[in-house]
$ cat input-v1.cif   # mmCIF, C-alpha atoms and all ligand atoms
data_protein
loop_
_atom_site.label_atom_id
_atom_site.label_comp_id
_atom_site.auth_asym_id
_atom_site.auth_seq_id
_atom_site.Cartn_x
_atom_site.Cartn_y
_atom_site.Cartn_z
CA MET A 1 0.00 0.00 0.00
CA LYS A 2 0.94 3.65 -0.21
CA VAL A 3 2.84 4.80 2.88
CA GLU A 4 -0.40 5.91 4.56
CA ILE A 5 -4.04 5.59 3.68
CA LEU A 6 -7.47 6.46 5.13
CA LYS A 7 -9.51 3.33 5.79
CA SER A 8 -13.14 2.97 6.76
CA ILE A 9 -13.61 1.26 10.12
CA ARG A 10 -16.86 -0.29 8.83
CA SER A 11 -16.08 -1.48 5.33
CA GLU A 12 -13.33 -2.14 2.81
CA GLU A 13 -13.54 1.43 1.50
CA GLN A 14 -10.31 3.42 1.47
CA PHE A 15 -9.17 6.88 0.43
CA GLU A 16 -5.95 8.72 -0.35
CA ARG A 17 -4.31 10.15 2.74
CA ASP A 18 -4.27 13.68 1.35
CA GLN A 19 -7.92 13.77 0.37
CA VAL A 20 -10.18 16.03 2.48
CA ILE A 21 -12.64 13.46 3.79
CA TYR A 22 -13.91 12.55 7.26
CA ARG A 23 -16.36 9.71 6.70
CA ASP A 24 -16.96 6.79 4.34
CA SER A 25 -19.99 6.54 2.02
CA SER A 26 -22.13 5.07 4.83
CA GLY A 27 -21.17 7.79 7.33
CA GLY A 28 -18.64 5.59 9.13
CA LEU A 29 -15.44 6.95 10.65
CA LEU A 30 -12.06 6.74 8.96
CA SER A 31 -8.78 5.63 10.43
CA LEU A 32 -5.28 6.55 9.25
CA GLU A 33 -3.40 3.32 8.59
CA ARG A 34 0.10 2.58 7.39
CA ASP A 35 2.44 -0.23 6.49
CA SER A 36 2.98 -1.90 9.88
CA ASP A 37 6.73 -2.18 9.25
CA LEU A 38 7.01 1.57 9.75
CA ILE A 39 6.16 1.10 13.44
CA ASN A 40 7.62 -2.38 13.82
CA ASN A 41 11.04 -1.15 12.66
CA LEU A 42 11.09 1.52 15.36
CA ASP A 43 12.57 0.00 18.45
CA PRO A 44 12.42 1.36 22.02
CA LYS A 45 16.19 2.00 22.07
CA LYS A 46 15.89 4.25 19.05
CA LEU A 47 12.95 6.05 20.64
CA ASP A 48 14.94 6.55 23.85
CA LEU A 49 17.82 8.05 21.87
CA ARG A 50 15.41 10.53 20.31
CA LYS A 51 14.78 12.14 23.70
CA ARG A 52 17.09 15.07 23.28
CA PRO A 53 17.55 18.60 24.57
CA SER A 54 15.30 21.20 23.03
CA ASP A 55 16.22 23.05 19.87
CA PRO A 56 13.97 26.10 19.41
CA GLN A 57 14.78 26.07 15.69
CA LYS A 58 13.53 22.50 15.31
CA PRO A 59 10.64 21.99 17.74
CA TYR A 60 9.62 18.64 16.22
CA HIS A 61 12.97 17.18 17.35
CA THR A 62 11.90 17.40 20.98
CA SER A 63 8.16 16.90 20.56
CA GLY A 64 6.69 13.98 22.49
CA VAL A 65 4.39 13.47 19.50
CA TRP A 66 6.85 13.65 16.63
CA ARG A 67 9.38 11.46 18.43
CA PHE A 68 7.06 8.68 17.26
CA ARG A 69 6.56 10.19 13.82
CA GLU A 70 6.74 6.95 11.79
CA GLY A 71 3.65 5.86 13.71
CA VAL A 72 1.95 9.25 13.53
CA LEU A 73 2.37 10.87 10.10
CA ASN A 74 5.09 10.22 7.56
CA ILE A 75 5.99 13.57 5.99
CA PRO A 76 9.12 15.70 5.56
CA ASP A 77 10.32 17.52 8.71
CA GLU A 78 9.80 20.98 7.20
CA GLU A 79 6.06 20.41 6.98
CA ILE A 80 5.58 19.79 10.71
CA ILE A 81 3.74 22.42 12.78
CA SER A 82 4.90 21.86 16.36
CA TYR A 83 5.32 23.89 19.57
CA PRO A 84 6.78 21.29 20.66
CA GLU A 85 4.17 19.39 22.70
CA GLY A 86 4.04 16.22 24.80
CA ASN A 87 6.90 15.19 27.12
CA THR A 88 4.50 15.55 30.01
CA ASN A 89 5.39 14.34 33.51
CA LEU A 90 4.33 11.13 35.17
CA TYR A 91 3.74 11.77 38.88
CA TYR A 92 3.68 9.54 41.92
CA ARG A 93 2.04 11.02 45.03
CA THR A 94 1.58 9.04 48.27
CA LYS A 95 -1.49 11.14 49.06
CA ILE A 96 -3.19 9.97 45.86
CA ALA A 97 -2.00 6.38 46.31
CA SER A 98 -3.63 6.24 49.74
CA TYR A 99 -6.75 8.04 48.50
CA VAL A 100 -7.37 5.37 45.85
CA GLU A 101 -5.85 2.56 47.97
CA CYS A 102 -3.44 1.50 45.27
CA GLU A 103 0.21 0.64 45.82
CA GLU A 104 1.44 1.84 42.47
CA VAL A 105 -0.53 4.58 40.79
CA TYR A 106 0.86 7.28 38.52
CA LEU A 107 -0.64 10.45 37.10
CA LYS A 108 0.25 11.30 33.48
CA HIS A 109 -0.30 15.05 33.42
CA GLU A 110 -1.45 16.04 29.95
CA GLY A 111 -2.38 19.44 31.35
CA GLU A 112 1.31 20.23 30.91
CA ASN A 113 0.96 20.59 27.15
CA PRO A 114 1.45 24.07 25.60
CA THR A 115 -2.21 25.13 25.84
CA GLY A 116 -2.91 23.13 28.98
CA SER A 117 -4.62 19.99 27.69
CA PHE A 118 -3.93 16.79 25.77
CA LYS A 119 -5.72 18.31 22.76
CA ASP A 120 -2.35 19.71 21.65
CA ARG A 121 -1.09 16.19 20.92
CA GLY A 122 -3.79 15.73 18.31
CA MET A 123 -3.83 19.30 17.11
CA THR A 124 -0.18 19.39 16.08
CA VAL A 125 -0.96 16.57 13.63
CA ALA A 126 -4.35 17.84 12.40
CA VAL A 127 -3.08 21.39 11.83
CA THR A 128 0.07 20.06 10.17
CA GLN A 129 -2.20 18.16 7.78
CA ALA A 130 -4.45 21.23 7.26
CA LYS A 131 -1.41 23.30 6.31
CA ARG A 132 -0.15 20.58 3.94
CA LEU A 133 -3.56 20.45 2.26
CA GLY A 134 -3.39 24.18 1.61
CA VAL A 135 -6.65 25.08 3.36
CA LYS A 136 -7.19 28.60 4.76
CA ASN A 137 -9.84 28.01 7.40
CA VAL A 138 -9.90 25.41 10.16
CA GLY A 139 -12.75 24.76 12.57
CA CYS A 140 -14.01 22.69 15.46
CA ALA A 141 -16.86 22.32 17.91
CA SER A 142 -15.59 22.40 21.42
CA THR A 143 -16.36 22.22 25.12
CA GLY A 144 -13.34 24.54 25.39
CA ASN A 145 -9.98 22.81 25.22
CA THR A 146 -10.13 21.87 21.56
CA SER A 147 -10.86 25.49 20.67
CA ALA A 148 -7.98 26.77 22.81
CA SER A 149 -5.65 24.29 21.18
CA LEU A 150 -6.87 24.88 17.64
CA ALA A 151 -6.65 28.65 18.07
CA ALA A 152 -3.01 28.35 19.19
CA TYR A 153 -1.91 25.96 16.45
CA ALA A 154 -3.78 27.94 13.78
CA ALA A 155 -1.91 31.05 14.94
CA LEU A 156 1.35 29.10 14.69
CA ALA A 157 0.49 27.88 11.18
CA GLY A 158 -0.99 31.17 9.92
CA LEU A 159 -4.51 29.78 9.42
CA GLN A 160 -7.88 31.21 10.49
CA ALA A 161 -9.61 29.25 13.25
CA PHE A 162 -13.40 29.11 13.72
CA VAL A 163 -14.56 27.60 16.99
CA PHE A 164 -18.17 26.56 17.60
CA ILE A 165 -19.03 26.51 21.29
CA PRO A 166 -22.14 25.98 23.42
CA LYS A 167 -22.96 29.48 24.70
CA GLY A 168 -22.34 29.93 28.41
CA LYS A 169 -21.03 26.38 28.84
CA VAL A 170 -17.33 26.91 28.28
CA ALA A 171 -14.96 27.59 31.19
CA LYS A 172 -13.59 31.12 31.08
CA GLY A 173 -9.91 30.17 30.94
CA LYS A 174 -10.47 28.13 27.78
CA LEU A 175 -12.57 30.73 26.00
CA ALA A 176 -10.02 33.41 26.87
CA GLN A 177 -7.29 31.35 25.22
CA ALA A 178 -9.29 30.95 22.01
CA VAL A 179 -10.01 34.70 21.92
CA GLY A 180 -6.42 35.60 22.78
CA TYR A 181 -4.93 33.38 20.08
CA GLY A 182 -7.20 35.03 17.51
CA ALA A 183 -9.98 32.53 16.73
CA LYS A 184 -13.43 33.58 15.53
CA ILE A 185 -15.95 32.40 18.12
CA VAL A 186 -19.29 31.03 16.92
CA GLU A 187 -21.64 30.73 19.91
CA ILE A 188 -24.42 28.14 19.65
CA GLU A 189 -27.61 28.08 21.72
CA GLY A 190 -27.53 24.46 22.81
CA SER A 191 -25.05 21.82 23.89
CA PHE A 192 -21.71 20.66 22.54
CA ASP A 193 -23.57 18.10 20.45
CA ASP A 194 -25.51 20.91 18.71
CA ALA A 195 -22.25 22.77 18.08
CA MET A 196 -20.84 19.56 16.60
CA GLN A 197 -23.79 19.30 14.16
CA MET A 198 -23.33 22.94 13.15
CA VAL A 199 -19.59 22.76 12.49
CA GLN A 200 -20.02 19.62 10.36
CA LYS A 201 -22.56 21.52 8.28
CA ALA A 202 -20.23 24.53 8.00
CA SER A 203 -17.40 22.24 7.02
CA ALA A 204 -19.46 20.57 4.28
CA GLU A 205 -20.85 23.85 2.89
CA LEU A 206 -17.98 26.30 3.38
CA GLY A 207 -14.96 24.04 3.16
CA ILE A 208 -13.73 24.75 6.68
CA TYR A 209 -11.25 21.98 7.49
CA LEU A 210 -12.64 20.07 10.46
CA VAL A 211 -10.28 19.20 13.32
CA ASN A 212 -12.60 17.61 15.85
CA SER A 213 -11.67 14.10 16.79
CA VAL A 214 -13.67 12.79 13.80
CA ASN A 215 -10.49 13.91 12.08
CA PRO A 216 -8.34 10.76 12.03
CA PHE A 217 -5.10 12.78 12.11
CA ARG A 218 -5.99 14.05 15.59
CA LEU A 219 -6.17 10.53 16.96
CA GLU A 220 -2.78 9.59 15.50
CA GLY A 221 -1.24 12.34 17.65
CA GLN A 222 -3.21 11.35 20.74
CA LYS A 223 -1.85 7.80 20.51
CA THR A 224 1.46 9.20 21.74
CA ILE A 225 0.02 9.77 25.24
CA MET A 226 -0.03 5.99 25.57
CA TRP A 227 3.31 5.42 23.84
CA GLU A 228 5.02 8.10 25.91
CA LEU A 229 3.71 6.68 29.17
CA PHE A 230 5.07 3.25 28.18
CA GLN A 231 8.39 4.96 27.57
CA ASP A 232 8.15 6.80 30.93
CA LEU A 233 7.72 3.38 32.59
CA ARG A 234 10.74 2.02 30.68
CA TRP A 235 8.51 0.00 28.39
CA GLN A 236 6.86 -1.94 31.23
CA ALA A 237 3.18 -1.45 30.52
CA PRO A 238 0.86 -0.78 33.46
CA ASP A 239 -2.00 -3.20 34.20
CA TRP A 240 -4.60 -0.46 33.77
CA VAL A 241 -4.90 2.95 32.16
CA VAL A 242 -7.80 4.99 33.56
CA LEU A 243 -9.09 7.97 31.58
CA PRO A 244 -12.12 10.25 31.38
CA GLY A 245 -14.46 9.65 28.42
CA GLY A 246 -16.35 12.41 26.62
CA ASN A 247 -16.21 12.40 22.85
CA LEU A 248 -14.15 9.19 23.19
CA GLY A 249 -11.25 10.36 21.03
CA ASN A 250 -8.68 9.27 23.58
CA THR A 251 -10.46 6.00 24.20
CA SER A 252 -10.23 5.29 20.46
CA ALA A 253 -6.64 6.49 20.12
CA PHE A 254 -5.44 4.57 23.18
CA GLY A 255 -6.87 1.29 21.91
CA LYS A 256 -5.10 1.76 18.59
CA ALA A 257 -1.85 2.76 20.31
CA ILE A 258 -1.93 -0.32 22.54
CA GLY A 259 -2.56 -2.63 19.57
CA GLU A 260 0.28 -1.12 17.56
CA ALA A 261 2.71 -1.18 20.51
CA MET A 262 1.92 -4.87 21.13
CA ASN A 263 2.44 -5.70 17.45
CA ALA A 264 5.76 -3.89 17.41
CA GLY A 265 6.87 -5.68 20.59
CA TRP A 266 7.41 -2.42 22.53
CA ILE A 267 5.48 -3.89 25.45
CA LYS A 268 4.82 -7.50 26.47
CA ASN A 269 1.65 -7.16 28.51
CA LYS A 270 -1.49 -5.52 27.24
CA PRO A 271 -2.86 -2.84 29.59
CA ARG A 272 -6.62 -2.69 30.13
CA LEU A 273 -8.53 0.53 29.57
CA ALA A 274 -10.98 1.84 32.16
CA VAL A 275 -13.02 4.69 30.72
CA ILE A 276 -14.81 6.89 33.26
CA GLN A 277 -17.78 9.09 32.38
CA ALA A 278 -19.65 11.66 34.45
CA GLU A 279 -22.96 10.26 35.68
CA GLY A 280 -24.99 12.93 33.86
CA ALA A 281 -23.17 12.34 30.56
CA SER A 282 -22.69 8.59 30.43
CA PRO A 283 -24.14 7.19 27.19
CA PHE A 284 -21.03 5.07 26.62
CA TYR A 285 -21.39 3.52 30.06
CA ARG A 286 -25.02 2.64 29.34
CA ALA A 287 -24.09 1.06 26.01
CA PHE A 288 -21.30 -0.89 27.71
CA CYS A 289 -23.81 -2.33 30.21
CA ASP A 290 -25.72 -3.80 27.25
CA ASP A 291 -22.45 -5.14 25.84
CA PHE A 292 -22.85 -2.61 22.98
CA SER A 293 -25.55 -4.84 21.53
CA LYS A 294 -28.37 -2.28 21.37
CA GLN A 295 -28.89 0.75 19.15
CA PHE A 296 -26.85 3.66 20.58
CA LYS A 297 -28.92 6.11 22.64
CA LYS A 298 -27.69 9.66 23.09
CA VAL A 299 -28.44 11.59 26.28
CA GLU A 300 -28.98 15.24 27.26
CA PRO A 301 -25.67 15.82 29.08
CA GLU A 302 -25.22 17.59 32.41
CA THR A 303 -22.13 17.63 34.66
CA VAL A 304 -19.76 20.11 36.36
CA ALA A 305 -16.99 18.53 34.31
CA THR A 306 -17.65 20.62 31.19
CA ALA A 307 -14.93 18.94 29.11
CA ILE A 308 -16.87 15.66 29.21
CA ARG A 309 -20.35 17.18 29.04
CA ILE A 310 -21.13 15.24 25.86
CA GLY A 311 -24.23 13.15 25.17
CA ASP A 312 -23.55 11.93 21.64
CA PRO A 313 -19.86 10.98 21.35
CA VAL A 314 -18.55 11.18 17.81
CA ASN A 315 -16.06 8.34 18.25
CA TYR A 316 -18.53 5.87 19.69
CA GLU A 317 -17.93 3.15 17.07
CA LYS A 318 -14.15 3.33 17.28
CA ALA A 319 -14.22 3.37 21.06
CA ILE A 320 -16.13 0.07 21.21
CA GLY A 321 -13.15 -1.62 19.54
CA SER A 322 -10.78 -0.15 22.15
CA ILE A 323 -12.83 -1.57 25.02
CA ARG A 324 -13.16 -4.98 23.39
CA ASN A 325 -9.53 -5.28 22.28
CA THR A 326 -8.10 -4.36 25.67
CA ASP A 327 -10.60 -6.29 27.79
CA GLY A 328 -11.52 -2.85 29.04
CA LEU A 329 -14.49 -1.47 30.91
CA VAL A 330 -16.58 1.67 31.30
CA ASP A 331 -17.89 3.11 34.55
CA PHE A 332 -19.28 6.42 35.80
CA VAL A 333 -18.74 8.76 38.75
CA THR A 334 -20.96 11.45 40.25
CA ASP A 335 -20.13 15.16 40.16
CA LYS A 336 -19.57 14.95 43.91
CA GLU A 337 -16.97 12.20 43.43
CA ILE A 338 -15.30 14.21 40.65
CA LEU A 339 -15.01 17.33 42.80
CA GLU A 340 -13.74 15.36 45.79
CA ALA A 341 -11.06 13.65 43.67
CA LYS A 342 -10.11 16.99 42.13
CA ASP A 343 -9.68 18.45 45.60
CA GLN A 344 -7.32 15.56 46.49
CA ILE A 345 -5.31 16.05 43.28
CA ASP A 346 -5.12 19.80 43.85
CA LYS A 347 -4.14 19.42 47.52
CA ALA A 348 -1.44 16.91 46.50
CA GLY A 349 0.12 19.84 44.63
CA VAL A 350 -0.56 18.34 41.22
CA GLY A 351 -3.79 20.09 40.22
CA CYS A 352 -6.10 19.49 37.28
CA GLU A 353 -9.44 20.56 35.81
CA PRO A 354 -12.66 18.78 36.87
CA ALA A 355 -12.99 16.37 33.90
CA SER A 356 -9.46 15.08 34.51
CA ALA A 357 -10.33 14.13 38.07
CA ALA A 358 -12.92 11.65 36.78
CA SER A 359 -10.00 9.26 36.18
CA VAL A 360 -8.88 9.29 39.83
CA ALA A 361 -12.48 9.23 41.10
CA GLY A 362 -13.14 6.27 38.80
CA LEU A 363 -10.05 4.39 39.98
CA ARG A 364 -11.16 4.87 43.60
CA LYS A 365 -14.57 3.45 42.73
CA LEU A 366 -13.09 0.47 40.84
CA ARG A 367 -10.76 -0.26 43.77
CA LYS A 368 -13.67 -0.19 46.22
CA LYS A 369 -15.63 -2.56 43.97
CA GLY A 370 -12.57 -4.83 43.83
CA VAL A 371 -12.38 -4.64 40.03
CA ILE A 372 -8.83 -3.30 40.19
CA GLY A 373 -6.49 -4.96 42.70
CA LYS A 374 -4.41 -3.15 45.33
CA ASN A 375 -1.15 -4.36 43.83
CA GLU A 376 -1.95 -3.66 40.22
CA ARG A 377 -0.02 -0.95 38.43
CA VAL A 378 -2.25 1.89 37.29
CA VAL A 379 -1.82 5.09 35.31
CA CYS A 380 -4.52 7.76 35.51
CA VAL A 381 -4.48 10.31 32.72
CA LEU A 382 -5.01 13.90 33.83
CA THR A 383 -6.34 15.59 30.73
CA GLY A 384 -6.30 19.30 31.60
CA HIS A 385 -4.62 22.02 33.69
CA ILE A 386 -5.92 23.37 37.00
CA LEU A 387 -6.20 26.94 35.64
CA LYS A 388 -8.58 25.95 32.86
CA ASP A 389 -11.54 26.23 35.21
CA ALA A 390 -10.71 28.72 37.96
CA ASP A 391 -14.36 29.53 38.70
CA ILE A 392 -15.10 26.03 39.95
CA ILE A 393 -12.21 26.22 42.43
CA MET A 394 -13.44 29.50 43.85
CA GLU A 395 -17.02 28.23 43.99
CA TYR A 396 -16.07 25.21 46.10
CA SER A 397 -13.33 26.84 48.17
CA GLU A 398 -13.45 26.85 51.97
CA PRO A 399 -14.20 30.30 53.41
CA SER A 400 -11.68 29.45 56.16
CA GLN A 401 -8.84 29.72 53.62
CA PHE A 402 -9.49 33.44 53.34
CA ILE A 403 -8.24 35.51 56.24
CA ASN A 404 -9.17 39.10 56.80
CA THR A 405 -6.54 40.32 59.24
CA ALA A 406 -7.54 43.96 59.01
CA GLY A 407 -3.92 44.64 59.86
CA ASP A 408 -4.20 42.60 63.06
CA MET A 409 -1.35 40.09 63.54
CA GLU A 410 -3.17 38.27 66.33
CA LYS A 411 -5.49 36.47 63.89
CA LEU A 412 -2.47 35.21 61.94
CA ARG A 413 -0.58 34.32 65.12
CA TYR A 414 -3.35 31.88 65.99
CA LEU A 415 -3.13 30.21 62.57
CA CYS A 416 0.65 29.96 62.70
CA LYS A 417 0.66 27.89 65.91
C1 LIG A 501 -11.46 16.80 25.52
C2 LIG A 501 -11.29 16.50 26.95
C3 LIG A 501 -11.75 15.32 27.53
C4 LIG A 501 -12.52 14.29 26.75
O1 LIG A 501 -11.71 13.53 25.94
P1 LIG A 501 -12.33 12.61 24.76
O2 LIG A 501 -11.16 12.16 24.02
O3 LIG A 501 -13.23 13.51 23.97
O4 LIG A 501 -13.12 11.53 25.42
C5 LIG A 501 -11.50 15.08 28.86
N1 LIG A 501 -10.85 15.99 29.62
C6 LIG A 501 -10.42 17.15 29.11
C7 LIG A 501 -9.74 18.12 30.00
C8 LIG A 501 -10.62 17.45 27.77
O5 LIG A 501 -10.19 18.61 27.29
#

$ encode --input "input-v1.cif" --output "structure tokens"
Amino acid sequence: MKVEILKSIRSEEQFERDQVIYRDSSGGLLSLERDSDLINNLDPKKLDLRKRPSDPQKPYHTSGVWRFREGVLNIPDEEIISYPEGNTNLYYRTKIASYVECEEVYLKHEGENPTGSFKDRGMTVAVTQAKRLGVKNVGCASTGNTSASLAAYAALAGLQAFVFIPKGKVAKGKLAQAVGYGAKIVEIEGSFDDAMQMVQKASAELGIYLVNSVNPFRLEGQKTIMWELFQDLRWQAPDWVVLPGGNLGNTSAFGKAIGEAMNAGWIKNKPRLAVIQAEGASPFYRAFCDDFSKQFKKVEPETVATAIRIGDPVNYEKAIGSIRNTDGLVDFVTDKEILEAKDQIDKAGVGCEPASAASVAGLRKLRKKGVIGKNERVVCVLTGHILKDADIIMEYSEPSQFINTAGDMEKLRYLCK
């Protein structure tokens, strides 16, 4: 086959890589596939050697996405649009380990990407492809982080970004980023799912290049979260990877990344995926309970975790494969559990936005149910930065943290005892 090709996940249909197309003739999703030797010939030693000091002139050299480029997108270096991104930290905190009652639990902090969420891992690839295709306008629907990321990468590439957002439902920090980086903001009366419908229409009628996670190039970049965490753990895969599920882009990308890493022999044991949804936005959980045998039913989403406030996930069909192929599972947590876990993560000095905390809240629940064992090795993915949603922190803060001394040292003296 050609180096890379777009393949339908439903049928035998395939398309040229550099064609602007998002779905097959039946409306099914596409996946970017390549000659498996490209990945199989990349060995862990070579990948370890590629971890080098940063070179501002050549950002892709140090990118945690483009380090795996043969498995991401095979193009000449000069065409890559990169900050760089990736190379996020993997944290161990005793406070979190005791909170979830797990001996070995790590936090992969994707909030440490350039715009503060994992979306940058996918966006570097999607915007690189947009630039290669010669388009002028790029667009997405977003609960916030995709728009912040797109706006930044479009600015880097010299493209115009259009972001479609549910009015009043996007955290201020994220919207401010999109505005600051120069995107045009299209506010939709409705939910993320309505914004998603609208941007697909705009894409079809106006030729705006779509970079939501229906875009298969996005998911190729997001695979590197999984590959990089294997590398962080010196190629000893964890038993479980726990992640929040909204539009299910990561769920889909992680399943693909695990399959490709197993085929290439980078890891010996296959980690299991545990996808955690918010109770009020859990259509994937419901489908999982029926073993994905029934017609998919969307829901009207509601949760404090705005980044996963999605009732009709675009990547549903791909995500099913990820659960099945990794012997994975789906569960849900309440908003209360999300906020409590977030408080623990914040107080451990790590910090994250609410949606990210669903992973830790979910792990705690799965430990209590005995689904995950105390001695199993677990990685929770933290998807976004603490500053993304400052309002929620202030809303749930303890009044006792604020001290009005009125110039009186005695009040402070008491607290300093
Ligand atoms: C986009 C996003 C999610 C949801 O990820 P999916 O891949 O759509 O399931 C979760 N957390 C944060 C912070 C996000 O920005």

$ residues_around --input "input-v1.cif" --residues "region 244-252 of chain A" --least-positions-apart "3" --cutoff "6 Å" --atoms "all atoms listed in the file" --output "ChimeraX atom specification"
/A:213,255,275-277,308,310,313-315,318-319,322,358-359

$ residues_around --input "input-v1.cif" --residues "Asp77 (chain A)" --least-positions-apart "3" --cutoff "9 Å" --atoms "only C-alpha atoms" --output "PDB file with C-alpha atoms, keeping the file's coordinate frame"
ATOM      1  CA  LYS A  58      13.530  22.500  15.310  1.00  0.00           C
ATOM      2  CA  TYR A  60       9.620  18.640  16.220  1.00  0.00           C
ATOM      3  CA  ILE A  80       5.580  19.790  10.710  1.00  0.00           C
TER       4      ILE A  80
END

$ closest_residue --input "input-v1.cif" --among "A:Glu16, A:Trp235, A:Ala141, A:Glu33" --to "Gln197 (chain A)" --atoms "only C-alpha atoms"
A:Ala141

$ closest_residue --input "input-v1.cif" --among "A:Ser26, A:Ser31, A:Thr143, A:Asn404" --to "ligand LIG 501 (chain A)" --atoms "all atoms listed in the file"
A:Thr143

$ closest_residue --input "input-v1.cif" --among "A:Ala355, A:Val72, A:Ile338, A:Cys380" --to "ligand LIG 501 (chain A)" --atoms "all atoms listed in the file"
A:Ala355

$ closest_residue --input "input-v1.cif" --among "A:Leu415, A:Ala148, A:Leu382, A:Ile403" --to "Asp346 (chain A)" --atoms "only C-alpha atoms"
A:Leu382

$ atom_distance --input "input-v1.cif" --atom1 "CA of Ile75 (chain A)" --atom2 "CA of Tyr209 (chain A)"
19.2 Å

$ axis_aligned_box --input "input-v1.cif" --around "ligand LIG 501 (chain A)" --padding-each-side "6 Å" --output "AutoDock Vina command-line options"
--center_x -11.5 --center_y 15.1 --center_z 27.0 --size_x 15.5 --size_y 19.1 --size_z 18.0

$ closest_residue --input "input-v1.cif" --among "A:Ala237, A:Glu110, A:Val333, A:Ser191" --to "Gly265 (chain A)" --atoms "all atoms listed in the file"
A:Ala237

$ closest_residue --input "input-v1.cif" --among "A:Ser147, A:Thr383, A:Thr334, A:Ser98" --to "ligand LIG 501 (chain A)" --atoms "all atoms listed in the file"
A:Thr383

$ atom_distance --input "input-v1.cif" --atom1 "CA of Ile393 (chain A)" --atom2 "CA of Cys352 (chain A)"
10.4 Å

$ atom_distance --input "input-v1.cif" --atom1 "CA of Phe254 (chain A)" --atom2 "CA of Glu376 (chain A)"
19.2 Å

$ residues_around --input "input-v1.cif" --residues "His109 (chain A)" --least-positions-apart "5" --cutoff "10 Å" --atoms "only C-alpha atoms" --output "short mmCIF file (atom, residue, chain, number, x, y, z; two decimals) with C-alpha atoms, keeping the file's coordinate frame"
data_model
loop_
_atom_site.label_atom_id
_atom_site.label_comp_id
_atom_site.auth_asym_id
_atom_site.auth_seq_id
_atom_site.Cartn_x
_atom_site.Cartn_y
_atom_site.Cartn_z
CA GLY A 86 4.04 16.22 24.80
CA ASN A 87 6.90 15.19 27.12
CA THR A 88 4.50 15.55 30.01
CA ASN A 89 5.39 14.34 33.51
CA LEU A 90 4.33 11.13 35.17
CA TYR A 91 3.74 11.77 38.88
CA GLY A 116 -2.91 23.13 28.98
CA SER A 117 -4.62 19.99 27.69
CA PHE A 118 -3.93 16.79 25.77
CA ILE A 225 0.02 9.77 25.24
CA VAL A 350 -0.56 18.34 41.22
CA GLY A 351 -3.79 20.09 40.22
CA CYS A 352 -6.10 19.49 37.28
CA SER A 356 -9.46 15.08 34.51
CA CYS A 380 -4.52 7.76 35.51
CA VAL A 381 -4.48 10.31 32.72
CA LEU A 382 -5.01 13.90 33.83
CA THR A 383 -6.34 15.59 30.73
CA GLY A 384 -6.30 19.30 31.60
CA HIS A 385 -4.62 22.02 33.69
#

$ residues_around --input "input-v1.cif" --residues "Phe15 (chain A)" --least-positions-apart "6" --cutoff "8 Å" --atoms "all atoms listed in the file" --output "PyMOL selection string"
chain A and resi 5-7

$ residues_around --input "input-v1.cif" --residues "Lys184 (chain A)" --least-positions-apart "4" --cutoff "8 Å" --atoms "all atoms listed in the file" --output "list in words"
Gln160, Ala161, Phe162, Val163 and Val179 of chain A

$ residues_near_point --input "input-v1.cif" --point "(-15.4, 7.7, 39.9)" --cutoff "6 Å" --atoms "all atoms listed in the file" --output "MDAnalysis selection string"
chainID A and resid 332:333 337 358 361:362 365

$ write_last_selection --input "input-v1.cif" --atoms "C-alpha atoms" --output "short mmCIF file (atom, residue, chain, number, x, y, z; two decimals), in the coordinates of the input"
data_model
loop_
_atom_site.label_atom_id
_atom_site.label_comp_id
_atom_site.auth_asym_id
_atom_site.auth_seq_id
_atom_site.Cartn_x
_atom_site.Cartn_y
_atom_site.Cartn_z
CA PHE A 332 -19.28 6.42 35.80
CA VAL A 333 -18.74 8.76 38.75
CA GLU A 337 -16.97 12.20 43.43
CA ALA A 358 -12.92 11.65 36.78
CA ALA A 361 -12.48 9.23 41.10
CA GLY A 362 -13.14 6.27 38.80
CA LYS A 365 -14.57 3.45 42.73
#

$ residues_near_point --input "input-v1.cif" --point "(-14.9, -1.0, 26.6)" --cutoff "6 Å" --atoms "only C-alpha atoms" --output "ChimeraX atom specification"
/A:320,323-324,328-330
